[in-house]
$ cat final_27.cif   # mmCIF, C-alpha atoms
data_data
loop_
_atom_site.group_PDB
_atom_site.id
_atom_site.type_symbol
_atom_site.label_atom_id
_atom_site.label_comp_id
_atom_site.auth_asym_id
_atom_site.auth_seq_id
_atom_site.Cartn_x
_atom_site.Cartn_y
_atom_site.Cartn_z
ATOM 1 C CA ALA Z 7 -3.961 -9.943 -12.245
ATOM 2 C CA GLN Z 8 -5.443 -6.527 -12.306
ATOM 3 C CA THR Z 9 -3.181 -3.653 -13.311
ATOM 4 C CA VAL Z 10 -3.236 -0.134 -11.974
ATOM 5 C CA THR Z 11 -1.572 2.646 -13.946
ATOM 6 C CA GLN Z 12 -0.494 6.040 -12.711
ATOM 7 C CA SER Z 13 0.881 7.852 -15.733
ATOM 8 C CA GLN Z 14 2.220 10.897 -13.877
ATOM 9 C CA PRO Z 15 5.425 10.057 -11.965
ATOM 10 C CA GLU Z 16 5.677 13.637 -10.702
ATOM 11 C CA MET Z 17 3.292 16.545 -10.320
ATOM 12 C CA SER Z 18 3.554 19.969 -8.781
ATOM 13 C CA VAL Z 19 1.002 22.480 -7.597
ATOM 14 C CA GLN Z 20 1.078 25.965 -6.137
ATOM 15 C CA GLU Z 21 -0.107 26.263 -2.585
ATOM 16 C CA ALA Z 22 -3.863 26.935 -2.416
ATOM 17 C CA GLU Z 23 -4.388 25.711 -5.984
ATOM 18 C CA THR Z 24 -6.088 22.532 -7.178
ATOM 19 C CA VAL Z 25 -4.360 19.493 -8.621
ATOM 20 C CA THR Z 26 -5.650 16.264 -10.123
ATOM 21 C CA LEU Z 27 -3.757 12.980 -10.024
ATOM 22 C CA SER Z 28 -4.670 10.348 -12.593
ATOM 23 C CA CYS Z 29 -5.220 6.635 -12.166
ATOM 24 C CA THR Z 30 -6.549 4.018 -14.549
ATOM 25 C CA TYR Z 31 -7.044 0.329 -13.934
ATOM 26 C CA ASP Z 32 -7.815 -2.791 -15.829
ATOM 27 C CA THR Z 33 -10.359 -5.310 -14.595
ATOM 28 C CA SER Z 34 -13.054 -7.610 -15.860
ATOM 29 C CA GLU Z 35 -14.945 -7.487 -12.566
ATOM 30 C CA SER Z 36 -18.023 -5.387 -12.039
ATOM 31 C CA ASP Z 37 -17.676 -4.755 -8.328
ATOM 32 C CA TYR Z 38 -14.508 -3.736 -6.542
ATOM 33 C CA TYR Z 39 -12.936 -1.099 -4.325
ATOM 34 C CA LEU Z 40 -10.566 1.691 -5.193
ATOM 35 C CA PHE Z 41 -8.288 3.603 -2.858
ATOM 36 C CA TRP Z 42 -5.900 6.516 -2.779
ATOM 37 C CA TYR Z 43 -3.051 6.297 -0.293
ATOM 38 C CA LYS Z 44 -0.642 9.057 0.720
ATOM 39 C CA GLN Z 45 2.960 8.477 1.787
ATOM 40 C CA PRO Z 46 4.641 11.618 3.160
ATOM 41 C CA PRO Z 47 8.456 11.675 3.088
ATOM 42 C CA SER Z 48 9.837 9.214 5.637
ATOM 43 C CA ARG Z 49 6.405 8.695 7.107
ATOM 44 C CA GLN Z 50 3.713 6.091 7.207
ATOM 45 C CA MET Z 51 1.390 5.406 4.316
ATOM 46 C CA ILE Z 52 -2.167 6.408 5.146
ATOM 47 C CA LEU Z 53 -5.521 6.112 3.437
ATOM 48 C CA VAL Z 54 -6.787 9.303 1.831
ATOM 49 C CA ILE Z 55 -10.031 8.227 0.274
ATOM 50 C CA ARG Z 56 -11.893 5.121 -0.881
ATOM 51 C CA GLN Z 57 -14.600 4.363 -3.444
ATOM 52 C CA GLU Z 58 -16.935 1.422 -3.832
ATOM 53 C CA ALA Z 59 -17.430 0.696 -7.519
ATOM 54 C CA TYR Z 60 -21.142 0.024 -7.085
ATOM 55 C CA LYS Z 61 -21.658 3.554 -5.825
ATOM 56 C CA GLN Z 62 -22.136 6.088 -8.566
ATOM 57 C CA GLN Z 63 -21.546 9.039 -6.286
ATOM 58 C CA ASN Z 64 -17.960 10.208 -6.134
ATOM 59 C CA ALA Z 65 -16.326 9.971 -2.712
ATOM 60 C CA THR Z 66 -15.278 13.142 -0.919
ATOM 61 C CA GLU Z 67 -13.154 13.674 2.179
ATOM 62 C CA ASN Z 68 -12.739 17.352 3.018
ATOM 63 C CA ARG Z 69 -10.343 18.790 0.392
ATOM 64 C CA PHE Z 70 -9.936 15.441 -1.344
ATOM 65 C CA SER Z 71 -12.397 14.137 -3.882
ATOM 66 C CA VAL Z 72 -12.375 11.578 -6.648
ATOM 67 C CA ASN Z 73 -13.675 11.476 -10.178
ATOM 68 C CA PHE Z 74 -14.715 7.869 -10.672
ATOM 69 C CA GLN Z 75 -15.526 6.945 -14.250
ATOM 70 C CA LYS Z 76 -16.419 3.255 -14.172
ATOM 71 C CA ALA Z 77 -16.852 2.750 -17.901
ATOM 72 C CA ALA Z 78 -13.519 4.387 -18.600
ATOM 73 C CA LYS Z 79 -11.904 2.579 -15.648
ATOM 74 C CA SER Z 80 -10.560 5.843 -14.384
ATOM 75 C CA PHE Z 81 -10.183 6.981 -10.780
ATOM 76 C CA SER Z 82 -8.561 10.395 -10.410
ATOM 77 C CA LEU Z 83 -7.877 12.242 -7.165
ATOM 78 C CA LYS Z 84 -8.533 15.957 -6.877
ATOM 79 C CA ILE Z 85 -6.870 17.935 -4.121
ATOM 80 C CA SER Z 86 -8.366 21.365 -3.590
ATOM 81 C CA ASP Z 87 -6.734 24.272 -1.761
ATOM 82 C CA SER Z 88 -3.400 22.436 -1.727
ATOM 83 C CA GLN Z 89 -1.340 22.740 1.426
ATOM 84 C CA LEU Z 90 2.345 22.180 2.094
ATOM 85 C CA GLY Z 91 1.431 19.076 4.075
ATOM 86 C CA ASP Z 92 -0.062 17.514 0.961
ATOM 87 C CA ALA Z 93 3.418 16.996 -0.460
ATOM 88 C CA ALA Z 94 3.838 13.238 -0.641
ATOM 89 C CA MET Z 95 3.837 10.185 -2.845
ATOM 90 C CA TYR Z 96 0.313 9.181 -3.770
ATOM 91 C CA PHE Z 97 -0.627 5.633 -4.682
ATOM 92 C CA CYS Z 98 -3.790 4.411 -6.327
ATOM 93 C CA ALA Z 99 -4.919 0.899 -5.366
ATOM 94 C CA TYR Z 100 -7.519 -1.657 -6.403
ATOM 95 C CA ARG Z 101 -9.074 -4.574 -4.554
ATOM 96 C CA SER Z 102 -11.733 -6.916 -5.853
ATOM 97 C CA LEU Z 103 -14.901 -7.384 -3.846
ATOM 98 C CA THR Z 104 -13.999 -10.824 -2.556
ATOM 99 C CA GLY Z 105 -10.240 -10.895 -2.905
ATOM 100 C CA ASN Z 106 -7.545 -10.266 -0.342
ATOM 101 C CA GLN Z 107 -4.947 -8.880 -2.689
ATOM 102 C CA PHE Z 108 -4.474 -5.180 -3.356
ATOM 103 C CA TYR Z 109 -2.964 -3.926 -6.603
ATOM 104 C CA PHE Z 110 -1.026 -0.679 -6.512
ATOM 105 C CA GLY Z 111 0.044 1.817 -9.116
ATOM 106 C CA THR Z 112 3.623 3.057 -9.334
ATOM 107 C CA GLY Z 113 2.835 6.283 -7.529
ATOM 108 C CA THR Z 114 2.808 10.021 -8.214
ATOM 109 C CA SER Z 115 5.157 12.297 -6.336
ATOM 110 C CA LEU Z 116 3.381 15.562 -5.537
ATOM 111 C CA THR Z 117 5.333 18.729 -4.786
ATOM 112 C CA VAL Z 118 3.554 21.723 -3.291
ATOM 113 C CA ILE Z 119 5.195 25.035 -4.140
ATOM 114 C CA PRO Z 120 4.851 27.776 -1.511
ATOM 115 C CA ASP L 10 -7.898 2.093 13.453
ATOM 116 C CA VAL L 11 -5.315 -0.649 13.283
ATOM 117 C CA LYS L 12 -1.835 0.125 14.568
ATOM 118 C CA VAL L 13 0.909 -1.702 12.694
ATOM 119 C CA THR L 14 4.420 -1.644 14.109
ATOM 120 C CA GLN L 15 7.560 -2.707 12.297
ATOM 121 C CA SER L 16 10.462 -3.527 14.556
ATOM 122 C CA SER L 17 13.258 -1.846 12.620
ATOM 123 C CA ARG L 18 13.151 1.383 10.631
ATOM 124 C CA TYR L 19 16.668 1.022 9.229
ATOM 125 C CA LEU L 20 18.868 -2.030 8.853
ATOM 126 C CA VAL L 21 22.252 -2.596 7.257
ATOM 127 C CA LYS L 22 23.219 -6.184 6.573
ATOM 128 C CA ARG L 23 25.912 -8.005 4.675
ATOM 129 C CA THR L 24 25.419 -10.294 1.706
ATOM 130 C CA GLY L 25 24.564 -13.786 2.849
ATOM 131 C CA GLU L 26 23.235 -12.783 6.262
ATOM 132 C CA LYS L 27 19.844 -13.982 7.446
ATOM 133 C CA VAL L 28 17.466 -11.083 8.014
ATOM 134 C CA PHE L 29 14.269 -10.977 10.043
ATOM 135 C CA LEU L 30 11.751 -8.180 9.633
ATOM 136 C CA GLU L 31 9.096 -8.198 12.305
ATOM 137 C CA CYS L 32 5.613 -6.755 12.093
ATOM 138 C CA VAL L 33 2.959 -6.598 14.792
ATOM 139 C CA GLN L 34 -0.645 -5.412 14.588
ATOM 140 C CA ASP L 35 -2.710 -4.454 17.588
ATOM 141 C CA MET L 36 -6.098 -5.699 16.355
ATOM 142 C CA ASP L 37 -7.423 -9.170 15.756
ATOM 143 C CA HIS L 38 -7.216 -9.047 11.980
ATOM 144 C CA GLU L 39 -6.568 -12.101 9.894
ATOM 145 C CA ASN L 40 -4.986 -10.616 6.808
ATOM 146 C CA MET L 41 -1.443 -9.305 6.869
ATOM 147 C CA PHE L 42 0.854 -8.416 3.991
ATOM 148 C CA TRP L 43 4.482 -7.772 3.170
ATOM 149 C CA TYR L 44 5.267 -5.406 0.311
ATOM 150 C CA ARG L 45 8.464 -4.249 -1.240
ATOM 151 C CA GLN L 46 8.608 -0.628 -2.405
ATOM 152 C CA ASP L 47 11.094 0.504 -5.029
ATOM 153 C CA PRO L 48 11.152 3.806 -6.944
ATOM 154 C CA GLY L 49 9.218 3.589 -10.179
ATOM 155 C CA LEU L 50 7.870 0.147 -9.348
ATOM 156 C CA GLY L 51 5.327 1.008 -6.690
ATOM 157 C CA LEU L 52 4.403 -1.607 -4.114
ATOM 158 C CA ARG L 53 4.901 -5.226 -5.007
ATOM 159 C CA LEU L 54 3.419 -7.985 -2.894
ATOM 160 C CA ILE L 55 5.894 -10.492 -1.496
ATOM 161 C CA TYR L 56 3.638 -12.649 0.697
ATOM 162 C CA PHE L 57 0.383 -12.372 2.521
ATOM 163 C CA SER L 58 -1.180 -14.347 5.312
ATOM 164 C CA TYR L 59 -4.893 -14.835 5.895
ATOM 165 C CA ASP L 60 -4.605 -16.622 9.237
ATOM 166 C CA VAL L 61 -2.143 -18.154 11.656
ATOM 167 C CA LYS L 62 0.239 -20.499 9.856
ATOM 168 C CA MET L 63 -1.498 -19.726 6.561
ATOM 169 C CA LYS L 64 0.361 -17.897 3.828
ATOM 170 C CA GLU L 65 0.240 -17.291 0.124
ATOM 171 C CA LYS L 66 2.887 -16.138 -2.298
ATOM 172 C CA GLY L 67 2.516 -12.751 -3.841
ATOM 173 C CA ASP L 68 4.094 -11.462 -7.019
ATOM 174 C CA ILE L 69 7.764 -11.566 -5.959
ATOM 175 C CA PRO L 70 8.266 -14.303 -3.319
ATOM 176 C CA GLU L 71 11.650 -15.515 -4.555
ATOM 177 C CA GLY L 72 14.357 -15.110 -1.936
ATOM 178 C CA TYR L 73 11.851 -14.522 0.868
ATOM 179 C CA SER L 74 9.887 -16.576 3.343
ATOM 180 C CA VAL L 75 7.401 -15.649 6.056
ATOM 181 C CA SER L 76 6.269 -16.833 9.431
ATOM 182 C CA ARG L 77 2.959 -16.336 11.213
ATOM 183 C CA GLU L 78 2.897 -18.211 14.491
ATOM 184 C CA LYS L 79 0.553 -15.773 16.229
ATOM 185 C CA LYS L 80 -2.246 -13.740 14.756
ATOM 186 C CA GLU L 81 -0.738 -10.394 15.647
ATOM 187 C CA ARG L 82 2.767 -11.079 14.308
ATOM 188 C CA PHE L 83 3.887 -11.563 10.712
ATOM 189 C CA SER L 84 7.587 -11.886 9.979
ATOM 190 C CA LEU L 85 9.471 -11.596 6.720
ATOM 191 C CA ILE L 86 12.657 -13.607 6.418
ATOM 192 C CA LEU L 87 15.485 -13.213 3.978
ATOM 193 C CA GLU L 88 17.360 -16.498 4.261
ATOM 194 C CA SER L 89 20.486 -15.200 2.558
ATOM 195 C CA ALA L 90 20.368 -11.491 1.855
ATOM 196 C CA SER L 91 21.575 -10.237 -1.491
ATOM 197 C CA THR L 92 22.297 -6.724 -2.720
ATOM 198 C CA ASN L 93 19.241 -6.762 -4.982
ATOM 199 C CA GLN L 94 17.094 -7.057 -1.880
ATOM 200 C CA THR L 95 18.106 -3.575 -0.795
ATOM 201 C CA SER L 96 14.741 -1.859 -0.583
ATOM 202 C CA MET L 97 11.969 -0.451 1.573
ATOM 203 C CA TYR L 98 9.756 -3.139 3.080
ATOM 204 C CA LEU L 99 6.222 -2.318 4.153
ATOM 205 C CA CYS L 100 4.018 -4.421 6.361
ATOM 206 C CA ALA L 101 0.247 -3.953 6.301
ATOM 207 C CA ALA L 102 -2.808 -5.350 8.003
ATOM 208 C CA ARG L 103 -6.231 -5.311 6.451
ATOM 209 C CA GLY L 104 -8.864 -3.702 8.585
ATOM 210 C CA GLY L 105 -12.443 -4.751 8.965
ATOM 211 C CA GLY L 106 -15.473 -3.003 7.602
ATOM 212 C CA LEU L 107 -16.921 -3.044 4.145
ATOM 213 C CA THR L 108 -13.929 -1.871 2.178
ATOM 214 C CA GLY L 109 -11.270 -3.464 4.361
ATOM 215 C CA GLU L 110 -8.535 -0.984 3.632
ATOM 216 C CA LEU L 111 -4.912 -1.584 4.488
ATOM 217 C CA PHE L 112 -3.151 -0.100 7.479
ATOM 218 C CA PHE L 113 0.584 0.208 7.055
ATOM 219 C CA GLY L 114 3.594 0.173 9.313
ATOM 220 C CA GLU L 115 6.263 2.847 9.032
ATOM 221 C CA GLY L 116 8.438 0.700 6.813
ATOM 222 C CA SER L 117 11.831 -0.933 7.172
ATOM 223 C CA ARG L 118 14.596 0.338 4.941
ATOM 224 C CA LEU L 119 17.043 -2.476 4.355
ATOM 225 C CA THR L 120 20.483 -1.990 2.862
ATOM 226 C CA VAL L 121 22.458 -5.080 1.904
ATOM 227 C CA LEU L 122 26.174 -4.494 1.393
#
$ encode --input "final_27.cif" --output "C-alpha cells"
Amino acid sequence: AQTVTQSQPEMSVQEAETVTLSCTYDTSESDYYLFWYKQPPSRQMILVIRQEAYKQQNATENRFSVNFQKAAKSFSLKISDSQLGDAAMYFCAYRSLTGNQFYFGTGTSLTVIP
Amino acid sequence: DVKVTQSSRYLVKRTGEKVFLECVQDMDHENMFWYRQDPGLGLRLIYFSYDVKMKEKGDIPEGYSVSREKKERFSLILESASTNQTSMYLCAARGGGLTGELFFGEGSRLTVL
C-alpha cells in the first residue's frame, strides 16, 4: 500500500502571512492523483486542491497552491495571506489512477494567530 | 457536488451494544467509504463499497461490518461495541469526474463506555 507522510503535526502562522505544509508519499506508480483536504474544528472535511501527477504545472486555487515535485515524491501546500478561517486540520491524500482507495497522511493542525 | 449525510453526529453506547452508523449520499455514485479518524493516526479505511451489495475490507475491518442494500445508503455496523472503538467515524462518497475526489459527511463521534 502507498504511504503518505505529513511530518508536521502542528503548524502556526500569523494572519496575512504565508505558510507551507509538507507532504511526501511513496509509490511505484507513474500516474496518480494527489489531494489536500481541510477539516475545520467540528466541521466537515472539504477538498482544498487537487493535482494530477501527469500535469507538470502546479495546481492553484485562489490563495492555495501546491509545489508538486514528482521525482522527490513531494506535494506541499502553500497558503498565502492566511486568514482566521484557514485554521483547521489539513490532510494530504493519494489515489492511484485506476484504484478506488485513498491513502491519507496523519494530518497537520494549522493555527492562525491574529 | 455530492451531499453526504451521516445520521448521528454524537453517540454514546455501552460495551457490547450493537451500533449502526448510517450514511446517505444524494448522487448516484457507486463508491462509498467508511473511515475511522483518531488523533495522530489520520484516516484509516474500514470498508468501502463499489456497488450495491459489493464491499471490500479496508485496513482495519476487524470488529466492523457494513451493509449496502441501496446505492445511496452505506451503513457501518459494530456488532458488539468495545471501548477501543471510541472514535470519530467519517463516511465518504467518491464523486465523478477525472480525479474522483471524496466528499465527506460531517462525521459521527462515537463514545463507548
$ atom_distance --input "final_27.cif" --atom1 "CA of Ala59 (chain Z)" --atom2 "CA of Leu40 (chain Z)"
7.3 Å
$ interface_residues --input "final_27.cif" --of "chain L" --to "chain Z" --cutoff "12 Å" --atoms "only C-alpha atoms" --output "PyMOL selection string"
chain L and resi 10-15+18-19+39-60+64-68+97-105+107-118
$ atom_distance --input "final_27.cif" --atom1 "CA of Glu88 (chain L)" --atom2 "CA of Leu20 (chain L)"
15.3 Å
$ atom_distance --input "final_27.cif" --atom1 "CA of Asp87 (chain Z)" --atom2 "CA of Asn64 (chain Z)"
18.5 Å
$ resolve_selection --input "final_27.cif" --expression "the PyMOL selection byres ((chain Z and resi 66) around 10)" --output "PyMOL selection string"
chain Z and resi 54-57+63-65+67-73+83-84
$ write_last_selection --input "final_27.cif" --atoms "C-alpha atoms" --output "JSON list (two decimals), in the frame of the given file"
[["chain", "number", "residue", "atom", "x", "y", "z"],
["Z", 54, "VAL", "CA", -6.79, 9.30, 1.83],
["Z", 55, "ILE", "CA", -10.03, 8.23, 0.27],
["Z", 56, "ARG", "CA", -11.89, 5.12, -0.88],
["Z", 57, "GLN", "CA", -14.60, 4.36, -3.44],
["Z", 63, "GLN", "CA", -21.55, 9.04, -6.29],
["Z", 64, "ASN", "CA", -17.96, 10.21, -6.13],
["Z", 65, "ALA", "CA", -16.33, 9.97, -2.71],
["Z", 67, "GLU", "CA", -13.15, 13.67, 2.18],
["Z", 68, "ASN", "CA", -12.74, 17.35, 3.02],
["Z", 69, "ARG", "CA", -10.34, 18.79, 0.39],
["Z", 70, "PHE", "CA", -9.94, 15.44, -1.34],
["Z", 71, "SER", "CA", -12.40, 14.14, -3.88],
["Z", 72, "VAL", "CA", -12.38, 11.58, -6.65],
["Z", 73, "ASN", "CA", -13.68, 11.48, -10.18],
["Z", 83, "LEU", "CA", -7.88, 12.24, -7.16],
["Z", 84, "LYS", "CA", -8.53, 15.96, -6.88]]
$ residues_around --input "final_27.cif" --residues "Glu23 (chain Z)" --least-positions-apart "5" --cutoff "9 Å" --atoms "only C-alpha atoms" --output "list in words"
Ile85, Ser86, Asp87, Ser88 and Gln89 of chain Z
$ write_last_selection --input "final_27.cif" --atoms "C-alpha atoms" --output "compact mmCIF listing (two decimals), keeping the file's coordinate frame"
# COMPACT_ATOMS: atom_id res chain seq x y z
CA ILE Z 85 -6.87 17.93 -4.12
CA SER Z 86 -8.37 21.36 -3.59
CA ASP Z 87 -6.73 24.27 -1.76
CA SER Z 88 -3.40 22.44 -1.73
CA GLN Z 89 -1.34 22.74 1.43
$ resolve_selection --input "final_27.cif" --expression "the PyMOL selection byres ((chain Z and resi 92) around 8)" --output "PyMOL selection string"
chain Z and resi 46+88-91+93-94+116-118
$ write_last_selection --input "final_27.cif" --atoms "C-alpha atoms" --output "PDB file, in the frame of the given file"
ATOM      1  CA  PRO Z  46       4.641  11.618   3.160  1.00  0.00           C
ATOM      2  CA  SER Z  88      -3.400  22.436  -1.727  1.00  0.00           C
ATOM      3  CA  GLN Z  89      -1.340  22.740   1.426  1.00  0.00           C
ATOM      4  CA  LEU Z  90       2.345  22.180   2.094  1.00  0.00           C
ATOM      5  CA  GLY Z  91       1.431  19.076   4.075  1.00  0.00           C
ATOM      6  CA  ALA Z  93       3.418  16.996  -0.460  1.00  0.00           C
ATOM      7  CA  ALA Z  94       3.838  13.238  -0.641  1.00  0.00           C
ATOM      8  CA  LEU Z 116       3.381  15.562  -5.537  1.00  0.00           C
ATOM      9  CA  THR Z 117       5.333  18.729  -4.786  1.00  0.00           C
ATOM     10  CA  VAL Z 118       3.554  21.723  -3.291  1.00  0.00           C
TER      11      VAL Z 118
END
$ axis_aligned_box --input "final_27.cif" --around "region 108-111 of chain Z" --padding-each-side "3 Å" --output "JSON"
{"center_x": -2.2, "center_y": -1.7, "center_z": -6.2, "size_x": 10.5, "size_y": 13.0, "size_z": 11.8}
$ resolve_selection --input "final_27.cif" --expression "the PyMOL selection byres ((chain L and resi 81-84) around 6)" --output "PyMOL selection string"
chain L and resi 30-34+75-77+79-80+85
